[in-house]
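Asks: Dropping a structure here in structure tokens format, bear with me for questions.
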Amino acid sequence: GQSLEQPSEVTAVEGAIVQINCTYQTSGFYGLSWYQQHDGGAPTFLSYNALDGLEETGRFSSFLSRSDSYGYLLLQELQMKDSASYFCAVRERNSGGYQKVTFGTGTKLQVIP
Amino acid sequence: NAGVTQTPKFQVLKTGQSMTLQCAQDMNHNSMYWYRQDPGMGLRLIYYSASEGTTDKGEVPNGYNVSRLNKREFSLRLESAAPSQTSVYFCASSEVGGGNEKLFFGSGTQLSVL
């Protein structure tokens, strides 16, 4: 089985940096992903970490520590358009050896002027 | 390139009615997924198909059935709809391995069961 925990809401100021944490408990762990979802829209992929360390993609970075079952998403130079929900998701192996992806409950980020 | 296509976009059912949500992807992906999302909640996995010919239960499979018709198509059926199944349903697909673990989502189906 699995569970993921992330904060439900975060508020940050335009231009600032915000970090959204995610802890997980799962067996057969492959990697941790992050997705962004604007109200009324579908989730869109941001990043994926399979190995420990930091992955950087423009203003967004994602970090993973497999030994701590912990990751975070870092958003820099926040813009108003970054106001959205952010989900961490684990890719894991099921008992039959197949991979599946399960999501956390999401963090609603509000960027204020 | 259409990506992942879901139909219908909206549906209203009466309790006890049945319906099938259709999903098709044109990216030649092996894995396909069905999720539901309730207000203020994350995405909960209903069923998934790691490859053509296989399907597995996710976190919330009760009240649903799926069919992986071929590599492109993965349908979700509600045999006897209940108000608790009112939700937004998302289909997704992905490749596996080689660092291509990105999920591509359809635009969603908003389902109301009265």
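Ordering of the structure tokens sets the chain letters (A, B, ...); residue numbers start at 1 within each chain; ligands are numbered from 1 in the order shown.
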Please identify every residue of chain B that has at least one atom no more than 7 Å from any atom of chain A, counting only C-alpha atoms, and report them as a PyMOL selection string.
Replies: chain B and resi 41-45+50+102-103+105-108
Asks: For Arg72 (chain B), work out the shell of residues within 8 Å, counting only C-alpha atoms and skipping chain neighbours fewer than 5 positions away, then give it as a PyMOL selection string.
Replies: chain B and resi 24-26+28-29
Asks: Output all heavy atoms for every residue in that selection, as a compact mmCIF listing (two decimals), in the first residue's frame.
Replies:
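The resulting file, result_18.txt, is reproduced below:
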# COMPACT_ATOMS: atom_id res chain seq x y z
N ALA B 24 -9.11 7.26 -25.32
CA ALA B 24 -8.21 6.79 -26.35
C ALA B 24 -6.96 7.66 -26.38
O ALA B 24 -7.04 8.87 -26.19
CB ALA B 24 -8.89 6.81 -27.72
N GLN B 25 -5.82 7.02 -26.62
CA GLN B 25 -4.56 7.77 -26.74
C GLN B 25 -3.86 7.36 -28.04
O GLN B 25 -3.94 6.21 -28.47
CB GLN B 25 -3.66 7.52 -25.52
CG GLN B 25 -3.42 6.07 -25.15
CD GLN B 25 -2.18 5.44 -25.76
OE1 GLN B 25 -1.35 6.13 -26.38
NE2 GLN B 25 -2.04 4.14 -25.59
N ASP B 26 -3.17 8.35 -28.62
CA ASP B 26 -2.52 8.11 -29.90
C ASP B 26 -1.00 8.21 -29.79
O ASP B 26 -0.32 8.51 -30.78
CB ASP B 26 -3.05 9.08 -30.95
CG ASP B 26 -2.79 10.55 -30.61
OD1 ASP B 26 -2.14 10.81 -29.56
OD2 ASP B 26 -3.24 11.42 -31.37
N ASN B 28 0.92 5.67 -28.52
CA ASN B 28 1.47 4.31 -28.47
C ASN B 28 1.98 3.94 -27.07
O ASN B 28 2.93 3.17 -26.93
CB ASN B 28 2.60 4.13 -29.50
CG ASN B 28 2.81 2.66 -29.85
OD1 ASN B 28 1.86 1.89 -29.94
ND2 ASN B 28 4.05 2.28 -30.04
N HIS B 29 1.31 4.47 -26.04
CA HIS B 29 1.70 4.18 -24.68
C HIS B 29 1.20 2.81 -24.25
O HIS B 29 0.11 2.38 -24.63
CB HIS B 29 1.15 5.23 -23.72
CG HIS B 29 1.86 6.54 -23.81
ND1 HIS B 29 1.31 7.71 -23.32
CD2 HIS B 29 3.06 6.88 -24.31
CE1 HIS B 29 2.15 8.70 -23.51
NE2 HIS B 29 3.22 8.22 -24.12
Asks: Any idea what the distance is between CA of Gly71 (chain A) and CA of Pro7 (chain A)?
Replies: 12.6 Å
Asks: Neighbours of region 47-49 of chain B within 6 Å (only C-alpha atoms; same-chain residues fewer than 3 positions away dropped), as a ChimeraX atom specification?
Replies: /B:31-34,54-58
Asks: Set the distance at 7 Å and use only C-alpha atoms: which residues neighbour Gly28 (chain A) once local chain neighbours fewer than 2 positions away are removed? I'd like the list as a count of residues only.
Replies: 4
Asks: Between CA of Ile112 (chain A) and CA of Asn21 (chain A), measure the distance and give it in Å to one decimal.
Replies: 20.0 Å
Asks: Find the distance between CA of Val111 (chain A) and CA of Gln79 (chain A) and write it in Å to one decimal.
Replies: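 Taking CA of Val111 (chain A) as the start and CA of Gln79 (chain A) as the end point, the length is 7.0 Å.
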Asks: With distances taken over only C-alpha atoms, which of B:Leu69, B:Leu78, B:Val113, B:Val60 is nearest to Tyr35 (chain B)?
Replies: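 Answer, going by the shortest atom-to-atom distance: B:Val60.
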Asks: Of the candidates A:Ser67, A:Gln36, A:Thr57, A:Ser95, which shows the shortest atom-to-atom distance to Lys81 (chain A), using only C-alpha atoms?
Replies: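 For Lys81 (chain A), the nearest of the given residues is A:Gln36.
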Asks: As a short mmCIF file (atom, residue, chain, number, x, y, z; two decimals) with N, CA, C and O atoms, in the first residue's frame, please: the residues near Ser69 (chain A) (cut-off 10 Å, only C-alpha atoms, same-chain neighbours under 5 positions excluded).
Replies:
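File produced: selection22.cif:
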data_model
loop_
_atom_site.label_atom_id
_atom_site.label_comp_id
_atom_site.auth_asym_id
_atom_site.auth_seq_id
_atom_site.Cartn_x
_atom_site.Cartn_y
_atom_site.Cartn_z
N LEU A 4 0.63 9.27 0.73
CA LEU A 4 1.43 10.47 0.49
C LEU A 4 0.84 11.60 1.30
O LEU A 4 -0.37 11.75 1.38
N CYS A 22 6.60 16.75 0.38
CA CYS A 22 5.81 15.54 0.18
C CYS A 22 6.54 14.38 0.87
O CYS A 22 7.72 14.17 0.61
N THR A 23 5.85 13.70 1.74
CA THR A 23 6.39 12.48 2.32
C THR A 23 5.53 11.31 1.87
O THR A 23 4.31 11.47 1.67
N TYR A 24 6.14 10.18 1.71
CA TYR A 24 5.41 9.04 1.19
C TYR A 24 5.79 7.77 1.91
O TYR A 24 6.88 7.67 2.50
N GLN A 25 4.86 6.84 1.90
CA GLN A 25 5.11 5.50 2.40
C GLN A 25 4.61 4.54 1.35
O GLN A 25 3.43 4.56 0.99
N THR A 26 5.49 3.75 0.82
CA THR A 26 5.09 2.82 -0.23
C THR A 26 6.10 1.70 -0.34
O THR A 26 7.23 1.82 0.09
N PHE A 29 8.97 1.25 -4.56
CA PHE A 29 9.09 2.62 -5.04
C PHE A 29 9.98 2.71 -6.27
O PHE A 29 11.09 2.16 -6.31
N LEU A 32 9.27 9.68 -7.84
CA LEU A 32 8.31 10.69 -7.38
C LEU A 32 8.13 11.74 -8.46
O LEU A 32 9.11 12.25 -9.01
N LEU A 64 14.53 14.78 -4.27
CA LEU A 64 14.13 13.48 -3.72
C LEU A 64 15.21 12.95 -2.80
O LEU A 64 16.40 13.00 -3.12
#
Asks: Neighbouring residues of Ser18 (chain B) were defined as those with any atom within 10 Å, considering only C-alpha atoms; residues of the same chain fewer than 6 positions away were excluded. Please report them as a PyMOL selection string.
Replies: chain B and resi 77-82
Asks: Find the residues around Gln85 (chain B) up to 12 Å (only C-alpha atoms counted), leave out those fewer than 4 positions away in its own chain, and share them as a PDB file with C-alpha atoms, in the first residue's frame.
Replies:
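The resulting selection_12.pdb:
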ATOM      1  CA  GLN B  11     -22.842  13.578 -18.259  1.00  0.00           C
ATOM      2  CA  VAL B  12     -25.832  13.542 -15.945  1.00  0.00           C
ATOM      3  CA  LEU B  13     -27.199  10.174 -14.844  1.00  0.00           C
ATOM      4  CA  LYS B  14     -30.006   9.020 -12.635  1.00  0.00           C
ATOM      5  CA  THR B  15     -29.237   6.598  -9.831  1.00  0.00           C
ATOM      6  CA  GLY B  16     -29.110   3.078 -11.221  1.00  0.00           C
ATOM      7  CA  GLN B  17     -28.352   4.021 -14.796  1.00  0.00           C
ATOM      8  CA  SER B  18     -25.273   2.680 -16.525  1.00  0.00           C
ATOM      9  CA  MET B  19     -22.741   4.350 -18.778  1.00  0.00           C
ATOM     10  CA  TYR B  35      -8.703   8.484 -11.812  1.00  0.00           C
ATOM     11  CA  ARG B  36     -11.511  10.284 -10.075  1.00  0.00           C
ATOM     12  CA  GLN B  37     -11.205  13.676  -8.435  1.00  0.00           C
ATOM     13  CA  ASP B  38     -13.660  15.005  -5.902  1.00  0.00           C
ATOM     14  CA  ILE B  46      -9.748   3.571  -9.879  1.00  0.00           C
ATOM     15  CA  VAL B  60     -11.258   2.875  -5.282  1.00  0.00           C
ATOM     16  CA  PRO B  61     -12.439   0.183  -7.759  1.00  0.00           C
ATOM     17  CA  ASN B  62     -15.827  -0.648  -6.238  1.00  0.00           C
ATOM     18  CA  GLY B  63     -18.730   0.136  -8.556  1.00  0.00           C
ATOM     19  CA  TYR B  64     -16.556   0.281 -11.672  1.00  0.00           C
ATOM     20  CA  ARG B  77     -18.016   1.439 -17.030  1.00  0.00           C
ATOM     21  CA  LEU B  78     -20.436   2.279 -14.274  1.00  0.00           C
ATOM     22  CA  GLU B  79     -22.962  -0.555 -14.182  1.00  0.00           C
ATOM     23  CA  SER B  80     -25.372   1.027 -11.691  1.00  0.00           C
ATOM     24  CA  ALA B  81     -24.508   4.636 -10.974  1.00  0.00           C
ATOM     25  CA  TYR B  89     -13.005  11.476 -14.074  1.00  0.00           C
ATOM     26  CA  GLN B 110     -17.668  15.766 -15.249  1.00  0.00           C
ATOM     27  CA  LEU B 111     -20.253  13.222 -14.082  1.00  0.00           C
ATOM     28  CA  SER B 112     -23.275  13.991 -11.920  1.00  0.00           C
ATOM     29  CA  VAL B 113     -25.445  11.198 -10.550  1.00  0.00           C
ATOM     30  CA  LEU B 114     -28.823  12.345  -9.261  1.00  0.00           C
TER      31      LEU B 114
END
Asks: Select from chain A everything DSSP, run on the backbone, classes as strand (DSSP E or B), then give the selection as a ChimeraX atom specification.
Replies: /A:2-5,9-13,18-26,29-37,44-49,53-57,60-65,70-75,84-93,99-103,107-112
